[in-house]
Every structure is written in structure tokens, then in C-alpha cells.
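Dumped protein.txt below, it's compact mmCIF, C-alpha atoms and all ligand atoms:
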# COMPACT_ATOMS: atom_id res chain seq x y z
CA MET A 29 -17.24 34.39 -67.39
CA ALA A 30 -16.08 30.88 -66.51
CA THR A 31 -12.40 30.03 -66.06
CA VAL A 32 -11.83 26.43 -67.13
CA LEU A 33 -8.83 24.14 -66.87
CA ALA A 34 -8.91 21.44 -69.57
CA ILE A 35 -6.97 18.27 -70.23
CA GLU A 36 -6.52 16.82 -73.73
CA THR A 37 -5.06 13.31 -74.04
CA SER A 38 -7.07 11.78 -76.90
CA CYS A 39 -4.07 10.91 -79.05
CA ASP A 40 -0.35 11.73 -78.90
CA GLU A 41 -0.22 15.17 -77.25
CA THR A 42 -0.46 15.61 -73.50
CA ALA A 43 -2.01 19.06 -73.21
CA VAL A 44 -3.40 21.20 -70.39
CA ALA A 45 -4.75 24.75 -70.74
CA ILE A 46 -6.66 27.40 -68.87
CA VAL A 47 -9.11 29.61 -70.79
CA LYS A 48 -11.35 32.46 -69.71
CA ASN A 49 -13.70 34.44 -71.93
CA ARG A 50 -12.28 32.87 -75.11
CA HIS A 51 -8.84 34.05 -74.05
CA ILE A 52 -5.93 31.66 -73.37
CA LEU A 53 -4.40 32.19 -69.91
CA SER A 54 -2.00 29.27 -70.33
CA SER A 55 -1.49 26.41 -72.76
CA VAL A 56 0.96 23.57 -72.19
CA ILE A 57 1.52 21.00 -74.96
CA SER A 58 3.88 18.09 -74.52
CA SER A 59 4.22 16.28 -77.82
CA GLN A 60 4.93 12.54 -77.93
CA ILE A 61 5.89 12.66 -81.62
CA PRO A 62 9.59 11.85 -80.99
CA VAL A 63 8.56 8.80 -78.91
CA HIS A 64 6.25 7.42 -81.65
CA GLN A 65 8.58 8.33 -84.52
CA ARG A 66 10.68 5.21 -83.96
CA TYR A 67 7.58 3.05 -84.58
CA GLY A 68 6.47 5.01 -87.69
CA GLY A 69 3.08 5.78 -86.13
CA ILE A 70 1.21 6.08 -82.86
CA VAL A 71 1.34 3.04 -80.55
CA PRO A 72 -1.75 3.36 -78.30
CA GLU A 73 -0.25 1.63 -75.24
CA VAL A 74 2.87 3.82 -75.43
CA ALA A 75 0.66 6.92 -75.76
CA SER A 76 -1.28 6.08 -72.56
CA ARG A 77 1.94 5.50 -70.57
CA GLN A 78 3.42 8.77 -71.80
CA HIS A 79 0.26 10.66 -70.76
CA VAL A 80 0.53 9.16 -67.25
CA GLU A 81 4.17 10.27 -67.01
CA THR A 82 3.63 13.82 -68.26
CA LEU A 83 0.17 14.89 -67.13
CA ASN A 84 0.82 15.92 -63.51
CA SER A 85 3.66 18.26 -64.41
CA ALA A 86 1.65 19.72 -67.33
CA ILE A 87 -1.24 20.55 -64.95
CA ALA A 88 1.14 22.23 -62.47
CA GLN A 89 2.78 24.15 -65.34
CA ALA A 90 -0.58 25.39 -66.69
CA LEU A 91 -1.57 26.77 -63.28
CA GLN A 92 1.84 28.35 -62.81
CA ASP A 93 1.88 29.95 -66.29
CA ALA A 94 -1.59 31.43 -65.70
CA ASN A 95 -0.52 32.51 -62.21
CA LEU A 96 -3.66 30.94 -60.72
CA THR A 97 -4.57 28.60 -57.88
CA TRP A 98 -7.40 26.03 -57.88
CA ALA A 99 -9.64 28.59 -56.18
CA ALA A 100 -9.79 30.61 -59.42
CA ILE A 101 -10.87 27.62 -61.54
CA ASP A 102 -14.64 27.30 -62.14
CA GLY A 103 -14.66 23.97 -63.93
CA ILE A 104 -12.43 21.07 -64.93
CA ALA A 105 -12.71 19.63 -68.43
CA ALA A 106 -11.28 16.70 -70.35
CA THR A 107 -11.68 15.28 -73.82
CA CYS A 108 -13.77 12.11 -73.41
CA ALA A 109 -14.47 11.11 -77.07
CA PRO A 110 -13.50 10.23 -79.74
CA GLY A 111 -9.92 8.98 -79.46
CA LEU A 112 -7.69 6.20 -78.16
CA VAL A 113 -9.55 4.67 -75.22
CA GLY A 114 -6.51 4.18 -72.95
CA ALA A 115 -5.23 7.67 -73.71
CA LEU A 116 -8.63 9.29 -73.10
CA LEU A 117 -8.99 7.42 -69.79
CA VAL A 118 -5.79 8.99 -68.42
CA GLY A 119 -7.06 12.54 -69.00
CA LEU A 120 -10.67 11.95 -67.98
CA THR A 121 -9.70 10.08 -64.78
CA ALA A 122 -7.37 12.92 -63.80
CA ALA A 123 -10.13 15.49 -64.48
CA LYS A 124 -12.67 13.53 -62.41
CA THR A 125 -10.23 13.23 -59.50
CA LEU A 126 -9.49 16.96 -59.59
CA ALA A 127 -13.21 17.83 -59.87
CA LEU A 128 -13.97 15.70 -56.82
CA LEU A 129 -11.00 16.96 -54.83
CA HIS A 130 -11.59 20.64 -55.52
CA GLN A 131 -15.41 20.41 -55.65
CA LYS A 132 -15.69 21.80 -59.19
CA PRO A 133 -18.02 20.78 -62.04
CA LEU A 134 -16.69 18.27 -64.58
CA ILE A 135 -17.16 19.02 -68.29
CA GLY A 136 -16.52 16.19 -70.77
CA VAL A 137 -15.70 17.54 -74.24
CA HIS A 138 -16.05 15.98 -77.71
CA HIS A 139 -12.65 16.29 -79.41
CA LEU A 140 -14.14 17.61 -82.67
CA GLU A 141 -16.17 20.26 -80.86
CA GLY A 142 -12.81 21.31 -79.42
CA HIS A 143 -11.35 21.67 -82.93
CA ILE A 144 -14.35 23.85 -83.87
CA TYR A 145 -13.66 26.03 -80.82
CA ALA A 146 -10.11 26.77 -82.02
CA SER A 147 -11.90 29.18 -84.37
CA TYR A 148 -13.65 30.94 -81.46
CA LEU A 149 -10.25 31.39 -79.79
CA THR A 150 -9.01 32.92 -83.04
CA ALA A 151 -12.09 35.12 -83.59
CA PRO A 152 -13.85 35.55 -80.21
CA HIS A 153 -16.80 37.38 -81.79
CA LEU A 154 -17.49 34.64 -84.34
CA GLN A 155 -21.22 33.85 -84.36
CA PRO A 156 -22.91 30.65 -85.53
CA PRO A 157 -24.20 29.50 -87.93
CA PHE A 158 -21.08 28.76 -89.94
CA LEU A 159 -19.49 25.82 -91.74
CA CYS A 160 -16.51 24.03 -90.23
CA LEU A 161 -14.12 21.98 -92.33
CA LEU A 162 -12.51 19.60 -89.87
CA VAL A 163 -9.46 17.87 -91.27
CA SER A 164 -7.24 15.88 -88.92
CA GLY A 165 -5.45 12.55 -88.63
CA GLY A 166 -8.68 10.80 -87.70
CA HIS A 167 -11.42 12.93 -89.26
CA THR A 168 -12.46 14.72 -92.42
CA SER A 169 -15.87 16.31 -91.94
CA LEU A 170 -17.95 19.24 -93.06
CA ILE A 171 -19.94 20.31 -90.03
CA TYR A 172 -22.85 22.74 -89.89
CA VAL A 173 -22.26 24.66 -86.62
CA LYS A 174 -25.69 25.73 -85.35
CA ASP A 175 -24.86 26.62 -81.75
CA CYS A 176 -22.79 25.42 -78.79
CA GLY A 177 -23.48 21.65 -78.60
CA HIS A 178 -25.58 21.57 -81.79
CA TYR A 179 -23.92 20.27 -84.93
CA GLU A 180 -24.85 18.44 -88.12
CA THR A 181 -22.36 16.51 -90.23
CA LEU A 182 -23.01 17.34 -93.89
CA GLY A 183 -20.08 15.51 -95.45
CA GLN A 184 -17.31 13.15 -94.42
CA THR A 185 -14.66 10.79 -95.73
CA ARG A 186 -15.80 7.29 -96.60
CA ASP A 187 -12.36 5.78 -95.87
CA ASP A 188 -9.07 7.45 -94.86
CA ALA A 189 -9.05 10.84 -93.16
CA ALA A 190 -7.09 13.57 -94.98
CA GLY A 191 -4.31 13.59 -92.34
CA GLU A 192 -4.17 9.80 -92.40
CA ALA A 193 -3.66 9.98 -96.20
CA PHE A 194 -0.75 12.42 -95.69
CA ASP A 195 0.76 10.09 -93.07
CA LYS A 196 0.34 6.95 -95.23
CA VAL A 197 1.72 8.59 -98.38
CA ALA A 198 4.75 9.86 -96.42
CA ARG A 199 5.31 6.36 -95.05
CA LEU A 200 5.17 4.71 -98.47
CA MET A 201 7.75 7.21 -99.72
CA ASN A 202 9.89 6.56 -96.58
CA LEU A 203 9.70 10.21 -95.55
CA GLY A 204 9.02 9.77 -91.83
CA TYR A 205 6.22 10.53 -89.37
CA PRO A 206 4.00 12.55 -89.08
CA GLY A 207 3.67 12.86 -92.83
CA GLY A 208 1.64 16.07 -93.15
CA PRO A 209 4.31 18.63 -92.25
CA ILE A 210 7.01 16.70 -94.17
CA ILE A 211 4.94 16.49 -97.37
CA ASP A 212 3.89 20.13 -97.00
CA LYS A 213 7.55 21.25 -96.82
CA LEU A 214 8.61 19.11 -99.81
CA ALA A 215 5.55 20.18 -101.84
CA GLN A 216 6.65 23.81 -101.63
CA GLN A 217 9.68 22.90 -103.78
CA GLY A 218 7.75 20.70 -106.24
CA ASN A 219 5.47 21.04 -109.25
CA PRO A 220 1.82 20.35 -108.34
CA GLN A 221 1.05 19.55 -111.97
CA ALA A 222 3.90 17.04 -112.38
CA PHE A 223 1.70 13.97 -111.91
CA PRO A 224 -2.06 13.97 -112.53
CA LEU A 225 -3.67 11.98 -109.69
CA PRO A 226 -7.29 10.83 -109.26
CA GLU A 227 -9.55 12.74 -106.89
CA GLY A 228 -11.65 10.16 -105.02
CA GLN A 229 -15.38 10.55 -105.67
CA ILE A 230 -18.33 8.77 -104.05
CA SER A 231 -20.86 7.52 -106.62
CA LEU A 232 -24.55 7.94 -105.86
CA PRO A 233 -27.05 5.14 -106.67
CA GLU A 234 -29.09 7.59 -108.75
CA GLY A 235 -25.99 8.57 -110.75
CA GLY A 236 -23.49 11.39 -110.30
CA PHE A 237 -21.29 11.91 -107.24
CA HIS A 238 -21.87 12.83 -103.61
CA PRO A 239 -21.24 16.59 -103.40
CA TYR A 240 -19.67 16.66 -99.90
CA ASP A 241 -18.35 13.18 -99.05
CA SER A 242 -14.75 12.38 -99.93
CA SER A 243 -12.44 9.37 -100.33
CA PHE A 244 -8.66 9.34 -100.04
CA SER A 245 -7.71 5.66 -100.10
CA GLY A 246 -7.79 5.45 -103.93
CA LEU A 247 -5.50 8.48 -104.14
CA LYS A 248 -3.07 6.86 -101.69
CA THR A 249 -3.03 3.67 -103.81
CA ALA A 250 -2.44 5.75 -106.96
CA VAL A 251 0.59 7.39 -105.29
CA LEU A 252 1.86 3.93 -104.27
CA ARG A 253 1.57 2.60 -107.85
CA LEU A 254 3.20 5.71 -109.29
CA THR A 255 6.04 5.53 -106.74
CA GLN A 256 6.68 1.86 -107.56
CA LYS A 257 6.69 2.65 -111.31
CA LEU A 258 9.07 5.57 -110.84
CA GLN A 259 11.38 3.48 -108.64
CA GLN A 260 11.79 1.01 -111.53
CA MET A 261 12.66 3.82 -113.94
CA THR A 262 14.97 6.01 -111.83
CA ASP A 263 17.30 5.84 -108.84
CA ILE A 264 16.20 9.17 -107.41
CA LEU A 265 12.51 9.50 -106.64
CA PRO A 266 11.12 12.98 -107.49
CA VAL A 267 9.72 13.33 -103.96
CA GLU A 268 9.09 17.08 -104.25
CA ASP A 269 6.93 16.68 -107.37
CA LEU A 270 5.14 13.65 -105.91
CA ALA A 271 4.45 15.53 -102.67
CA ALA A 272 3.24 18.65 -104.54
CA SER A 273 0.95 16.63 -106.85
CA PHE A 274 -0.53 14.64 -103.96
CA GLN A 275 -1.03 17.73 -101.79
CA ALA A 276 -2.66 19.72 -104.62
CA THR A 277 -5.10 16.84 -105.27
CA VAL A 278 -6.13 16.64 -101.60
CA ALA A 279 -6.47 20.43 -101.38
CA LYS A 280 -8.57 20.54 -104.56
CA ALA A 281 -10.93 17.78 -103.32
CA LEU A 282 -11.43 19.49 -99.95
CA THR A 283 -11.83 22.97 -101.43
CA LYS A 284 -14.42 21.86 -104.02
CA ARG A 285 -16.61 20.16 -101.41
CA THR A 286 -16.28 22.93 -98.81
CA ILE A 287 -17.22 25.73 -101.19
CA ALA A 288 -20.16 23.76 -102.63
CA CYS A 289 -21.42 23.02 -99.11
CA ALA A 290 -21.13 26.64 -97.91
CA LEU A 291 -22.91 27.97 -100.99
CA ASN A 292 -25.71 25.34 -100.95
CA TYR A 293 -26.42 25.88 -97.25
CA GLY A 294 -26.13 29.67 -97.48
CA LEU A 295 -23.28 29.86 -94.93
CA ASP A 296 -20.95 32.80 -95.54
CA THR A 297 -18.20 31.82 -93.07
CA ILE A 298 -15.96 28.76 -93.22
CA ALA A 299 -13.86 27.88 -90.16
CA VAL A 300 -11.12 25.31 -90.66
CA GLY A 301 -9.89 23.03 -87.88
CA GLY A 302 -7.66 20.00 -87.28
CA GLY A 303 -4.02 19.32 -88.03
CA VAL A 304 -4.41 19.43 -91.82
CA ALA A 305 -5.66 23.05 -91.53
CA ALA A 306 -1.92 23.81 -91.19
CA ASN A 307 -1.40 22.68 -94.79
CA SER A 308 -0.12 25.48 -97.03
CA GLY A 309 -1.69 24.01 -100.20
CA LEU A 310 -5.13 23.76 -98.60
CA ARG A 311 -4.82 27.25 -97.13
CA HIS A 312 -3.96 28.73 -100.51
CA GLN A 313 -6.62 26.90 -102.56
CA LEU A 314 -9.42 27.42 -100.05
CA GLN A 315 -8.56 31.08 -99.49
CA THR A 316 -8.52 31.76 -103.25
CA ALA A 317 -11.80 29.94 -103.94
CA ALA A 318 -13.56 31.55 -100.97
CA GLN A 319 -12.51 35.01 -102.07
CA ALA A 320 -13.91 34.34 -105.55
CA HIS A 321 -17.29 33.48 -103.96
CA HIS A 322 -17.20 36.30 -101.36
CA LEU A 323 -16.98 33.82 -98.48
CA ARG A 324 -14.95 34.37 -95.31
CA VAL A 325 -12.41 31.71 -94.27
CA LEU A 326 -10.94 31.47 -90.79
CA PHE A 327 -7.71 29.55 -90.31
CA PRO A 328 -6.60 29.32 -86.68
CA PRO A 329 -2.86 29.77 -86.05
CA LEU A 330 -0.88 26.55 -86.45
CA THR A 331 -0.57 25.94 -82.69
CA LEU A 332 -4.38 25.88 -82.42
CA CYS A 333 -4.89 23.72 -85.56
CA THR A 334 -3.13 20.67 -84.13
CA ASP A 335 -4.25 19.05 -80.87
CA ASN A 336 -4.18 21.36 -77.87
CA ALA A 337 -6.14 21.79 -74.64
CA ALA A 338 -7.00 25.49 -75.11
CA MET A 339 -9.66 24.55 -77.70
CA ILE A 340 -11.09 21.99 -75.24
CA ALA A 341 -11.15 24.54 -72.40
CA CYS A 342 -12.84 27.11 -74.67
CA ALA A 343 -15.63 24.66 -75.63
CA ALA A 344 -16.02 23.58 -71.98
CA ALA A 345 -16.31 27.20 -70.78
CA ASP A 346 -19.18 27.82 -73.24
CA HIS A 347 -20.97 24.69 -72.01
CA LEU A 348 -20.41 25.62 -68.36
CA GLU A 349 -21.79 29.12 -68.95
CA ARG A 350 -24.92 27.48 -70.39
CA GLY A 351 -25.27 25.33 -67.25
CA HIS A 352 -23.99 22.13 -68.88
CA SER A 353 -21.80 19.79 -66.82
CA SER A 354 -21.09 16.06 -66.91
CA PRO A 355 -21.76 13.40 -64.26
CA LEU A 356 -18.74 11.86 -62.50
CA THR A 357 -19.88 8.55 -64.03
CA LEU A 358 -18.98 9.87 -67.50
CA GLY A 359 -17.02 7.33 -69.58
CA VAL A 360 -14.77 7.56 -72.62
CA GLN A 361 -15.73 6.49 -76.16
CA SER A 362 -13.43 5.69 -79.06
CA ARG A 363 -16.11 6.85 -81.52
CA MET A 364 -18.92 9.32 -81.08
CA ALA A 365 -20.92 11.37 -83.58
CA ILE A 366 -20.64 15.12 -83.06
CA SER A 367 -24.44 15.35 -83.28
CA ASP A 368 -24.54 13.46 -79.93
CA VAL A 369 -22.50 16.03 -77.97
CA MET A 370 -25.39 17.00 -75.70
CA HIS A 371 -25.49 13.40 -74.37
CA LEU A 372 -22.33 14.26 -72.41
CA TYR A 373 -24.21 16.70 -70.18
CA SER A 374 -26.84 16.13 -67.52
O1 LIG A 401 -5.66 17.45 -85.29
P1 LIG A 401 -4.42 16.66 -85.15
O2 LIG A 401 -3.27 17.25 -84.39
O3 LIG A 401 -4.71 15.26 -84.48
C1 LIG A 401 -5.85 14.52 -84.72
O4 LIG A 401 -6.88 14.72 -84.01
O5 LIG A 401 -5.78 13.69 -85.67
O6 LIG A 401 -3.96 16.27 -86.63
C2 LIG A 401 -2.82 15.50 -86.89
C3 LIG A 401 -2.77 15.27 -88.39
C4 LIG A 401 -1.64 14.30 -88.81
O7 LIG A 401 -2.19 13.35 -89.71
C5 LIG A 401 -0.64 15.21 -89.51
O8 LIG A 401 0.09 14.55 -90.52
C6 LIG A 401 -1.55 16.28 -90.08
O9 LIG A 401 -2.52 16.50 -89.08
N1 LIG A 401 -0.83 17.54 -90.35
C7 LIG A 401 -0.71 18.05 -91.59
C8 LIG A 401 0.10 19.22 -91.48
N2 LIG A 401 0.44 19.39 -90.16
C9 LIG A 401 -0.16 18.34 -89.48
N3 LIG A 401 -1.20 17.62 -92.77
C10 LIG A 401 -0.89 18.35 -93.86
N4 LIG A 401 -0.11 19.47 -93.83
C11 LIG A 401 0.40 19.94 -92.68
N5 LIG A 401 1.16 21.04 -92.67
ZN ZN A 402 -7.39 16.46 -83.22
Encoded form (C-alpha cells):
Amino acid sequence: MATVLAIETSCDETAVAIVKNRHILSSVISSQIPVHQRYGGIVPEVASRQHVETLNSAIAQALQDANLTWAAIDGIAATCAPGLVGALLVGLTAAKTLALLHQKPLIGVHHLEGHIYASYLTAPHLQPPFLCLLVSGGHTSLIYVKDCGHYETLGQTRDDAAGEAFDKVARLMNLGYPGGPIIDKLAQQGNPQAFPLPEGQISLPEGGFHPYDSSFSGLKTAVLRLTQKLQQMTDILPVEDLAASFQATVAKALTKRTIACALNYGLDTIAVGGGVAANSGLRHQLQTAAQAHHLRVLFPPLTLCTDNAAMIACAAADHLERGHSSPLTLGVQSRMAISDVMHLYS
């Protein structure tokens, strides 16, 4: 059983974790959210500088929390794609240096494969094939999980990611950043039926709609128009009702596509990953629909839904146990299809 130390710096969390046998020995997450809050969103250059400042102490902390020395580590992993290039470079360069210094294999990890592995940390005996609904700030995908390193994207967003839609809607209502948790909290006090909003659909040339692809930019524009109209009519914006209506529409769109996909592909387990998996509306709708169709849904705990290095270490350990490792010439990529994961290994 491989013990892997992993570094995750693809976006705005500096994270380091050690995982063995799908069990977390330590997990350090240093969030940059307060730093980016003053800009209303992530500033890539600021993110890279923050990673440089925090990473060394996070690595030391992860080893100390696990009560391990480098001798006990079998491999060193880092997220290498997709993500902010400067931010990814900080983590991957550190991992390469450590791999060279301590003579350990390097394992580059695809960030979305990491999110899938949060489910293996939650249910260590989970067996593929299963369907993964990956909903984060940068991605909204339905992924057929065939085996470690083997994935097929069955559906995706054609414009904004679900988390991005939460963040943009929160910004247009002046609610702050990141928008997902703020909208989720407000929605719990609002009426989801207060404002009917359009669910984005992707038309097919032959007629009808794409069953698995989604679109959230039209929904965001509809919330903007509605907000502007309400602002002309009243001094106090009904933010709770707006949040609840928006959240229910996103949850409905995701639930409909996920259930259709699982049923059509004969997959009886749905694993959810990414920051939006923390959303209470999505959890409720998906859980209810899955139960009605006798499907199993796995929601990782909130700390594993958002970016963390434990999920990266877990994926890397599986690859290492299969003999996969990456060359020290490995680079970072801002975009990379999950179907190309095996290109990271020699
Ligand atoms: O997976 P993640 O930590 O980072 C990316 O890889 O993108 O996801 C962050 C995204 C943000 O857009 C944030 O607003 C959203 O996840 N998020 C939520 C919730 N918590 C985080 N969206 C909806 N409801 C939540 N409770
Ligand atoms: Zn993520």
C-alpha cells in the first residue's frame, strides 16, 4: 500500500496531504479566500504568490500531523492540470524538487480525477464503474468512471460552470465571494418557487435537447434582469427568495441530467464531487430523485468536496500502485480533458 504526499495548488487553496490505503493520515488546507475577497474573485498572480508563501510550512505541517518522515513516503504527487498555470507551477515545481531530493517517484494528477477520488476516500470499497457528477467553480461534467485513469465525459456545460454561476449571481446581487456558500445559506430562508427561472437547455440540430449537456449563462442573465426589475420596484431586494429560486433551478437542471445519464448508461451509483457538491439544494434534490429510481448517491463530506490535497494523494496512490509515475519533465496545463489522464504517466 503506497503512502503518498500530495500538493494541490491549482486555484486558491494551498493544500498538502498524506494518504495511505484510501485513508487520510494528514490534510492541511490553507485557504486564500480572505485574500481574494477584496478583489471579488481570484486574481491569478496573487494566488501564485500566496502559494509560494504558504507551501513550505504546509508541507512541514502535513508530515508533522501524520507523524512521518520522508523515509515513509513512497511517492510525491502534485496537481498538474487543469488550473491556473502560475499556481499549478508552484505546486508541481515543489513536488519535482522533493522527488529529486528524496529519490521518490513523481505522480502528476489531473485535478478532476482528484475530485472523483474524494468519493473513494469517503467509501474506500467503492468499485467502478460508476457515474460522477463533477460540479465546481471551473467544471460541470458527467463522467463515466471506468477504472483508475480511464474516464469518459458524457455531459458538460456549454458555458459557465455551476459554481461560476453561483459566484456570478452572488456578485450581481452584491452578496460577496465565493457566492456558492452565501447563496446556499440565504436560499435556506427563501421560497424556491418565488420566481420561475429558465433552465438552460442545449438544442440539438435534429430537434429536441441534449440530454446531459447544460448551460448556466442564460439563467445568470435572467437573474440579472429580474434583479434590475425588482430594484426599480422596491428598496429591499428579496435576496432570500432570489437565492432559493436560482439554487432550485440549478439543482433541478443538474439532477435531471444526472439521473437520465445514470439510467441510460445502466450505472447504479452516482458519486458527486467539486465545491458545488456542498450545496444543500442539490444534495436534497439529487438524493430524493436517486431514491425514487433506486440509485445510490455518494456525497463526500464538505471538506472533501472543495479543493483539498487528500483527494489528489488518493488518486496518486492508486496510480503508483499500478506502476504509473510521471517524468520529471512533466509540465502544467491550464486545460486538459480527463480522457487524457494516462498521458501524464510514462
Ligand atoms: O471544487 P472547488 O473548491 O474549486 C474548483 O475547482 O473550482 O469549487 C469551488 C466552487 C465555487 O464556485 C463556490 O462558489 C462553489 O464551489 N461552492 C458552492 C458551495 N460551496 C462552494 N456552490 C454552491 N453551494 C455551496 N454550498
Ligand atoms: Zn476543484
Protein and nucleic acid residues within 9 Å of ligand LIG 401 (chain A) (only C-alpha atoms and all ligand atoms) as JSON, numbers by chain: {"A": [38, 39, 40, 41, 111, 139, 140, 143, 162, 163, 164, 165, 166, 167, 189, 190, 191, 192, 193, 194, 195, 196, 198, 205, 206, 207, 208, 209, 210, 211, 212, 213, 275, 301, 302, 303, 304, 305, 306, 307, 308, 309, 310, 330, 332, 333, 334, 335, 336]}
Please, could you write that set of residues out with C-alpha atoms as an mmCIF file, in the frame of the given file?
data_model
loop_
_atom_site.group_PDB
_atom_site.id
_atom_site.type_symbol
_atom_site.label_atom_id
_atom_site.label_comp_id
_atom_site.auth_asym_id
_atom_site.auth_seq_id
_atom_site.Cartn_x
_atom_site.Cartn_y
_atom_site.Cartn_z
ATOM 1 C CA SER A 38 -7.070 11.780 -76.900
ATOM 2 C CA CYS A 39 -4.070 10.910 -79.050
ATOM 3 C CA ASP A 40 -0.350 11.730 -78.900
ATOM 4 C CA GLU A 41 -0.220 15.170 -77.250
ATOM 5 C CA GLY A 111 -9.920 8.980 -79.460
ATOM 6 C CA HIS A 139 -12.650 16.290 -79.410
ATOM 7 C CA LEU A 140 -14.140 17.610 -82.670
ATOM 8 C CA HIS A 143 -11.350 21.670 -82.930
ATOM 9 C CA LEU A 162 -12.510 19.600 -89.870
ATOM 10 C CA VAL A 163 -9.460 17.870 -91.270
ATOM 11 C CA SER A 164 -7.240 15.880 -88.920
ATOM 12 C CA GLY A 165 -5.450 12.550 -88.630
ATOM 13 C CA GLY A 166 -8.680 10.800 -87.700
ATOM 14 C CA HIS A 167 -11.420 12.930 -89.260
ATOM 15 C CA ALA A 189 -9.050 10.840 -93.160
ATOM 16 C CA ALA A 190 -7.090 13.570 -94.980
ATOM 17 C CA GLY A 191 -4.310 13.590 -92.340
ATOM 18 C CA GLU A 192 -4.170 9.800 -92.400
ATOM 19 C CA ALA A 193 -3.660 9.980 -96.200
ATOM 20 C CA PHE A 194 -0.750 12.420 -95.690
ATOM 21 C CA ASP A 195 0.760 10.090 -93.070
ATOM 22 C CA LYS A 196 0.340 6.950 -95.230
ATOM 23 C CA ALA A 198 4.750 9.860 -96.420
ATOM 24 C CA TYR A 205 6.220 10.530 -89.370
ATOM 25 C CA PRO A 206 4.000 12.550 -89.080
ATOM 26 C CA GLY A 207 3.670 12.860 -92.830
ATOM 27 C CA GLY A 208 1.640 16.070 -93.150
ATOM 28 C CA PRO A 209 4.310 18.630 -92.250
ATOM 29 C CA ILE A 210 7.010 16.700 -94.170
ATOM 30 C CA ILE A 211 4.940 16.490 -97.370
ATOM 31 C CA ASP A 212 3.890 20.130 -97.000
ATOM 32 C CA LYS A 213 7.550 21.250 -96.820
ATOM 33 C CA GLN A 275 -1.030 17.730 -101.790
ATOM 34 C CA GLY A 301 -9.890 23.030 -87.880
ATOM 35 C CA GLY A 302 -7.660 20.000 -87.280
ATOM 36 C CA GLY A 303 -4.020 19.320 -88.030
ATOM 37 C CA VAL A 304 -4.410 19.430 -91.820
ATOM 38 C CA ALA A 305 -5.660 23.050 -91.530
ATOM 39 C CA ALA A 306 -1.920 23.810 -91.190
ATOM 40 C CA ASN A 307 -1.400 22.680 -94.790
ATOM 41 C CA SER A 308 -0.120 25.480 -97.030
ATOM 42 C CA GLY A 309 -1.690 24.010 -100.200
ATOM 43 C CA LEU A 310 -5.130 23.760 -98.600
ATOM 44 C CA LEU A 330 -0.880 26.550 -86.450
ATOM 45 C CA LEU A 332 -4.380 25.880 -82.420
ATOM 46 C CA CYS A 333 -4.890 23.720 -85.560
ATOM 47 C CA THR A 334 -3.130 20.670 -84.130
ATOM 48 C CA ASP A 335 -4.250 19.050 -80.870
ATOM 49 C CA ASN A 336 -4.180 21.360 -77.870
#
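Proximity ranking of A:Leu258, A:Ala272, A:Leu200, A:Met339 relative to ligand ZN 402 (chain A) places A:Met339 first, based on all atoms listed in the file.
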Nearby residues (all atoms listed in the file) at most 8 Å from Ser58 of chain A, same-chain spacing under 3 positions excluded, as a PyMOL selection string: chain A and resi 41-43+82+86
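With all atoms listed in the file as the basis for measurement, A:Ala271 is the residue among A:Ala271, A:Thr255, A:Leu182, A:Glu234 that approaches Ala222 of chain A most closely.
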Distance query Ser231 of chain A at most 12 Å, all atoms listed in the file, self and fewer than 2 positions along chain excluded, as an MDAnalysis selection string: chainID A and resid 186 228:229 233:243
Ala146 of chain A surroundings by only C-alpha atoms, 9 Å radius, close-in-sequence under 2 positions cut, as JSON, numbers by chain: {"A": [141, 142, 143, 144, 148, 149, 150, 151, 300, 301, 302, 328, 329, 332, 333, 338, 339, 340, 342, 343]}
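For the atom pair formed by atom CA of Val56 of chain A and atom CA of Ala75 of chain A, the distance is 17.0 Å, given to one decimal.
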Long-range neighbours of Cys176 of chain A as a PyMOL selection string, 10 Å cut-off, all atoms listed in the file, 5 positions minimum in chain: chain A and resi 141+144-145+156+343-344+346-347+350+369-370
Residues within 10 Å of (1.0, 25.6, -71.7), counting all atoms listed in the file, listed as an MDAnalysis selection string: chainID A and resid 43:46 52:58 86:94 336:338
Shell of 8 Å around Phe274 of chain A, all atoms listed in the file, local chain residues under 5 positions omitted, as a ChimeraX atom specification: /A:220,225,247,251
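One distance worth recording is that between atom CA of Leu232 of chain A and atom CA of Asn292 of chain A, which is 18.1 Å.
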